[in-house]
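Peer 1: Sharing a structure below in structure tokens format, with a few things to ask.
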Amino acid sequence: MPMIVLYFLSFFSTKARLALGEIVWDELDAKLPEAVGVIEDDMPRMEQFSKLLDKLSQHKKKALKAWIEERIYDFKYRGADLYTSSEEEFERKWMQIFNEHLRVLKSKTP
């Protein structure tokens, strides 16, 4: 689906909003240093993320926020009941990463 169509559909459709949020995440993530999952080590990434957010429209910020919140919800409530230690470590890392990005994003959105 072309980006412009997805952009306008996301005003009305939750599914389109989440799809737009994922696209925004992928675009921002490509411009940022790799996420580590440790708050202190991810500070340079968070500072750059904050600066990139200043350039986004409110609509894209809302779509990104919805997508990140959906990822966090997935980790909390849609995960498997039994994890291996490596799966649990992966989940904790990405929960930390998404929570930090959401914290910064919430500070930039009304």
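Please note that chains go A, B, ... in the order of the structure tokens, that every chain numbers its residues from 1, and that ligands are numbered from 1 in the order shown.
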Name the residues of stretch 18-85 of chain A that come out as helix (DSSP H, G or I) in a backbone DSSP run; write them as a PDB file with N, CA and C atoms, in the first residue's frame.
Peer 2:
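Final file, out_6.pdb:
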ATOM      1  N   LEU A  18      -1.391   1.429  13.144  1.00  0.00           N
ATOM      2  CA  LEU A  18      -0.296   0.572  13.609  1.00  0.00           C
ATOM      3  C   LEU A  18       0.707   0.298  12.488  1.00  0.00           C
ATOM      4  N   ALA A  19       0.213   0.129  11.273  1.00  0.00           N
ATOM      5  CA  ALA A  19       1.107  -0.094  10.131  1.00  0.00           C
ATOM      6  C   ALA A  19       1.969   1.142   9.892  1.00  0.00           C
ATOM      7  N   LEU A  20       1.364   2.327   9.980  1.00  0.00           N
ATOM      8  CA  LEU A  20       2.133   3.560   9.826  1.00  0.00           C
ATOM      9  C   LEU A  20       3.151   3.698  10.957  1.00  0.00           C
ATOM     10  N   GLY A  21       2.750   3.358  12.183  1.00  0.00           N
ATOM     11  CA  GLY A  21       3.666   3.415  13.323  1.00  0.00           C
ATOM     12  C   GLY A  21       4.871   2.521  13.132  1.00  0.00           C
ATOM     13  N   GLU A  22       4.653   1.344  12.564  1.00  0.00           N
ATOM     14  CA  GLU A  22       5.768   0.424  12.304  1.00  0.00           C
ATOM     15  C   GLU A  22       6.716   1.000  11.251  1.00  0.00           C
ATOM     16  N   ILE A  23       6.158   1.620  10.235  1.00  0.00           N
ATOM     17  CA  ILE A  23       6.991   2.244   9.198  1.00  0.00           C
ATOM     18  C   ILE A  23       7.822   3.367   9.809  1.00  0.00           C
ATOM     19  N   VAL A  24       7.192   4.194  10.634  1.00  0.00           N
ATOM     20  CA  VAL A  24       7.909   5.298  11.296  1.00  0.00           C
ATOM     21  C   VAL A  24       9.014   4.730  12.184  1.00  0.00           C
ATOM     22  N   TRP A  25       8.701   3.675  12.946  1.00  0.00           N
ATOM     23  CA  TRP A  25       9.712   3.043  13.805  1.00  0.00           C
ATOM     24  C   TRP A  25      10.898   2.564  12.974  1.00  0.00           C
ATOM     25  N   ASP A  26      10.615   1.862  11.888  1.00  0.00           N
ATOM     26  CA  ASP A  26      11.685   1.325  11.046  1.00  0.00           C
ATOM     27  C   ASP A  26      12.558   2.451  10.477  1.00  0.00           C
ATOM     28  N   GLU A  27      11.931   3.546  10.054  1.00  0.00           N
ATOM     29  CA  GLU A  27      12.686   4.677   9.504  1.00  0.00           C
ATOM     30  C   GLU A  27      13.568   5.313  10.576  1.00  0.00           C
ATOM     31  N   LEU A  28      13.019   5.506  11.772  1.00  0.00           N
ATOM     32  CA  LEU A  28      13.805   6.108  12.851  1.00  0.00           C
ATOM     33  C   LEU A  28      14.899   5.164  13.332  1.00  0.00           C
ATOM     34  N   ASP A  29      14.558   3.887  13.484  1.00  0.00           N
ATOM     35  CA  ASP A  29      15.511   2.896  13.974  1.00  0.00           C
ATOM     36  C   ASP A  29      16.730   2.791  13.059  1.00  0.00           C
ATOM     37  N   ALA A  30      16.511   2.961  11.754  1.00  0.00           N
ATOM     38  CA  ALA A  30      17.618   2.885  10.802  1.00  0.00           C
ATOM     39  C   ALA A  30      18.593   4.046  10.975  1.00  0.00           C
ATOM     40  N   LYS A  31      18.144   5.146  11.531  1.00  0.00           N
ATOM     41  CA  LYS A  31      18.979   6.339  11.704  1.00  0.00           C
ATOM     42  C   LYS A  31      19.651   6.399  13.076  1.00  0.00           C
ATOM     43  N   MET A  43      21.471   5.883  26.246  1.00  0.00           N
ATOM     44  CA  MET A  43      21.265   7.335  26.342  1.00  0.00           C
ATOM     45  C   MET A  43      21.578   8.074  25.031  1.00  0.00           C
ATOM     46  N   PRO A  44      22.690   7.790  24.344  1.00  0.00           N
ATOM     47  CA  PRO A  44      22.924   8.477  23.064  1.00  0.00           C
ATOM     48  C   PRO A  44      21.805   8.205  22.059  1.00  0.00           C
ATOM     49  N   ARG A  45      21.304   6.980  22.042  1.00  0.00           N
ATOM     50  CA  ARG A  45      20.195   6.642  21.151  1.00  0.00           C
ATOM     51  C   ARG A  45      18.952   7.446  21.518  1.00  0.00           C
ATOM     52  N   MET A  46      18.662   7.567  22.806  1.00  0.00           N
ATOM     53  CA  MET A  46      17.472   8.296  23.250  1.00  0.00           C
ATOM     54  C   MET A  46      17.569   9.789  22.917  1.00  0.00           C
ATOM     55  N   GLU A  47      18.762  10.332  23.030  1.00  0.00           N
ATOM     56  CA  GLU A  47      18.955  11.751  22.687  1.00  0.00           C
ATOM     57  C   GLU A  47      18.717  11.978  21.194  1.00  0.00           C
ATOM     58  N   GLN A  48      19.240  11.100  20.371  1.00  0.00           N
ATOM     59  CA  GLN A  48      19.018  11.218  18.923  1.00  0.00           C
ATOM     60  C   GLN A  48      17.556  10.964  18.575  1.00  0.00           C
ATOM     61  N   PHE A  49      16.936  10.004  19.244  1.00  0.00           N
ATOM     62  CA  PHE A  49      15.525   9.701  19.034  1.00  0.00           C
ATOM     63  C   PHE A  49      14.679  10.933  19.345  1.00  0.00           C
ATOM     64  N   SER A  50      14.993  11.599  20.434  1.00  0.00           N
ATOM     65  CA  SER A  50      14.265  12.806  20.827  1.00  0.00           C
ATOM     66  C   SER A  50      14.378  13.891  19.755  1.00  0.00           C
ATOM     67  N   LYS A  51      15.561  14.060  19.206  1.00  0.00           N
ATOM     68  CA  LYS A  51      15.757  15.064  18.154  1.00  0.00           C
ATOM     69  C   LYS A  51      14.993  14.699  16.880  1.00  0.00           C
ATOM     70  N   LEU A  52      14.974  13.426  16.543  1.00  0.00           N
ATOM     71  CA  LEU A  52      14.239  12.987  15.352  1.00  0.00           C
ATOM     72  C   LEU A  52      12.730  13.158  15.537  1.00  0.00           C
ATOM     73  N   LEU A  53      12.259  12.986  16.768  1.00  0.00           N
ATOM     74  CA  LEU A  53      10.828  13.165  17.036  1.00  0.00           C
ATOM     75  C   LEU A  53      10.390  14.600  16.777  1.00  0.00           C
ATOM     76  N   GLN A  58       2.566  15.423  14.344  1.00  0.00           N
ATOM     77  CA  GLN A  58       1.857  14.872  15.490  1.00  0.00           C
ATOM     78  C   GLN A  58       1.181  13.557  15.118  1.00  0.00           C
ATOM     79  N   HIS A  59       0.670  13.485  13.903  1.00  0.00           N
ATOM     80  CA  HIS A  59      -0.012  12.273  13.463  1.00  0.00           C
ATOM     81  C   HIS A  59       0.945  11.075  13.442  1.00  0.00           C
ATOM     82  N   LYS A  60       2.145  11.281  12.935  1.00  0.00           N
ATOM     83  CA  LYS A  60       3.125  10.190  12.916  1.00  0.00           C
ATOM     84  C   LYS A  60       3.574   9.830  14.329  1.00  0.00           C
ATOM     85  N   LYS A  61       3.679  10.810  15.209  1.00  0.00           N
ATOM     86  CA  LYS A  61       4.033  10.532  16.599  1.00  0.00           C
ATOM     87  C   LYS A  61       2.957   9.676  17.258  1.00  0.00           C
ATOM     88  N   LYS A  62       1.693   9.998  16.991  1.00  0.00           N
ATOM     89  CA  LYS A  62       0.595   9.218  17.570  1.00  0.00           C
ATOM     90  C   LYS A  62       0.589   7.790  17.024  1.00  0.00           C
ATOM     91  N   ALA A  63       0.873   7.645  15.742  1.00  0.00           N
ATOM     92  CA  ALA A  63       0.931   6.306  15.145  1.00  0.00           C
ATOM     93  C   ALA A  63       2.090   5.515  15.754  1.00  0.00           C
ATOM     94  N   LEU A  64       3.222   6.156  15.920  1.00  0.00           N
ATOM     95  CA  LEU A  64       4.382   5.499  16.522  1.00  0.00           C
ATOM     96  C   LEU A  64       4.078   5.099  17.964  1.00  0.00           C
ATOM     97  N   LYS A  65       3.443   5.992  18.705  1.00  0.00           N
ATOM     98  CA  LYS A  65       3.080   5.704  20.095  1.00  0.00           C
ATOM     99  C   LYS A  65       2.148   4.494  20.156  1.00  0.00           C
ATOM    100  N   ALA A  66       1.151   4.460  19.285  1.00  0.00           N
ATOM    101  CA  ALA A  66       0.215   3.328  19.259  1.00  0.00           C
ATOM    102  C   ALA A  66       0.948   2.031  18.952  1.00  0.00           C
ATOM    103  N   TRP A  67       1.890   2.079  18.009  1.00  0.00           N
ATOM    104  CA  TRP A  67       2.619   0.872  17.632  1.00  0.00           C
ATOM    105  C   TRP A  67       3.507   0.384  18.782  1.00  0.00           C
ATOM    106  N   ILE A  68       4.208   1.294  19.441  1.00  0.00           N
ATOM    107  CA  ILE A  68       5.070   0.905  20.564  1.00  0.00           C
ATOM    108  C   ILE A  68       4.223   0.344  21.705  1.00  0.00           C
ATOM    109  N   GLU A  69       3.106   0.988  21.999  1.00  0.00           N
ATOM    110  CA  GLU A  69       2.234   0.479  23.056  1.00  0.00           C
ATOM    111  C   GLU A  69       1.710  -0.917  22.718  1.00  0.00           C
ATOM    112  N   GLU A  70       1.431  -1.157  21.455  1.00  0.00           N
ATOM    113  CA  GLU A  70       0.981  -2.477  21.020  1.00  0.00           C
ATOM    114  C   GLU A  70       2.083  -3.520  21.205  1.00  0.00           C
ATOM    115  N   ARG A  71       3.345  -3.160  20.907  1.00  0.00           N
ATOM    116  CA  ARG A  71       4.463  -4.088  21.115  1.00  0.00           C
ATOM    117  C   ARG A  71       4.606  -4.416  22.597  1.00  0.00           C
ATOM    118  N   ILE A  72       4.506  -3.411  23.455  1.00  0.00           N
ATOM    119  CA  ILE A  72       4.619  -3.634  24.898  1.00  0.00           C
ATOM    120  C   ILE A  72       3.491  -4.547  25.373  1.00  0.00           C
ATOM    121  N   TYR A  73       2.285  -4.292  24.906  1.00  0.00           N
ATOM    122  CA  TYR A  73       1.141  -5.136  25.261  1.00  0.00           C
ATOM    123  C   TYR A  73       1.389  -6.573  24.811  1.00  0.00           C
ATOM    124  N   ASP A  74       1.908  -6.730  23.596  1.00  0.00           N
ATOM    125  CA  ASP A  74       2.215  -8.073  23.095  1.00  0.00           C
ATOM    126  C   ASP A  74       3.185  -8.801  24.021  1.00  0.00           C
ATOM    127  N   PHE A  75       4.234  -8.127  24.444  1.00  0.00           N
ATOM    128  CA  PHE A  75       5.215  -8.764  25.320  1.00  0.00           C
ATOM    129  C   PHE A  75       4.593  -9.124  26.669  1.00  0.00           C
ATOM    130  N   LYS A  76       3.734  -8.253  27.192  1.00  0.00           N
ATOM    131  CA  LYS A  76       3.151  -8.491  28.512  1.00  0.00           C
ATOM    132  C   LYS A  76       2.094  -9.586  28.505  1.00  0.00           C
ATOM    133  N   TYR A  77       1.231  -9.574  27.495  1.00  0.00           N
ATOM    134  CA  TYR A  77       0.040 -10.407  27.571  1.00  0.00           C
ATOM    135  C   TYR A  77      -0.108 -11.465  26.482  1.00  0.00           C
ATOM    136  N   SER A  85      15.523 -19.391  28.760  1.00  0.00           N
ATOM    137  CA  SER A  85      16.212 -18.235  29.339  1.00  0.00           C
ATOM    138  C   SER A  85      16.596 -17.223  28.262  1.00  0.00           C
TER     139      SER A  85
END
Peer 1: How far is it from atom CA of A:Asp54 to atom CA of A:Asp42, in Å with one decimal?
Peer 2: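 Interatomic distance, atom CA of A:Asp54 to atom CA of A:Asp42: 18.7 Å.
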Peer 1: Which one is closest to A:Ala35: A:Thr84, A:Ser13, A:Glu100, A:Leu56? Count only C-alpha atoms.
Peer 2: A:Glu100
Peer 1: Grab the atom CA of A:Lys106 to atom CA of A:Ser57 distance for me, in Å with one decimal place.
Peer 2: 14.0 Å
Peer 1: Just give me the gap between atom CA of A:Gln96 and atom CA of A:Asp41 in Å, one decimal is fine.
Peer 2: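 Taking atom CA of A:Gln96 and atom CA of A:Asp41, their separation equals 11.8 Å.
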Peer 1: Excluding same-chain residues fewer than 5 positions from stretch 89-93 of chain A, what lies within 8 Å of it counting only C-alpha atoms, as an mmCIF file with N, CA and C atoms, in the first residue's frame?
Peer 2:
data_model
loop_
_atom_site.group_PDB
_atom_site.id
_atom_site.type_symbol
_atom_site.label_atom_id
_atom_site.label_comp_id
_atom_site.auth_asym_id
_atom_site.auth_seq_id
_atom_site.Cartn_x
_atom_site.Cartn_y
_atom_site.Cartn_z
ATOM 1 N N VAL A 36 20.639 -1.285 22.931
ATOM 2 C CA VAL A 36 21.317 -2.264 23.773
ATOM 3 C C VAL A 36 20.341 -2.878 24.772
ATOM 4 N N GLY A 37 19.427 -2.065 25.289
ATOM 5 C CA GLY A 37 18.478 -2.548 26.284
ATOM 6 C C GLY A 37 18.888 -2.216 27.701
ATOM 7 N N VAL A 38 19.919 -1.398 27.853
ATOM 8 C CA VAL A 38 20.378 -0.918 29.156
ATOM 9 C C VAL A 38 20.255 0.602 29.121
ATOM 10 N N PHE A 75 4.234 -8.127 24.444
ATOM 11 C CA PHE A 75 5.215 -8.764 25.320
ATOM 12 C C PHE A 75 4.593 -9.124 26.669
#
Peer 1: Identify which of the residues A:Ile39, A:Pro33, A:Glu88, A:Arg17 lies closest to A:Arg103, counting only C-alpha atoms when measuring atom-to-atom distances.
Peer 2: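 Once distances to A:Arg103 are computed over only C-alpha atoms, the minimum belongs to A:Ile39.
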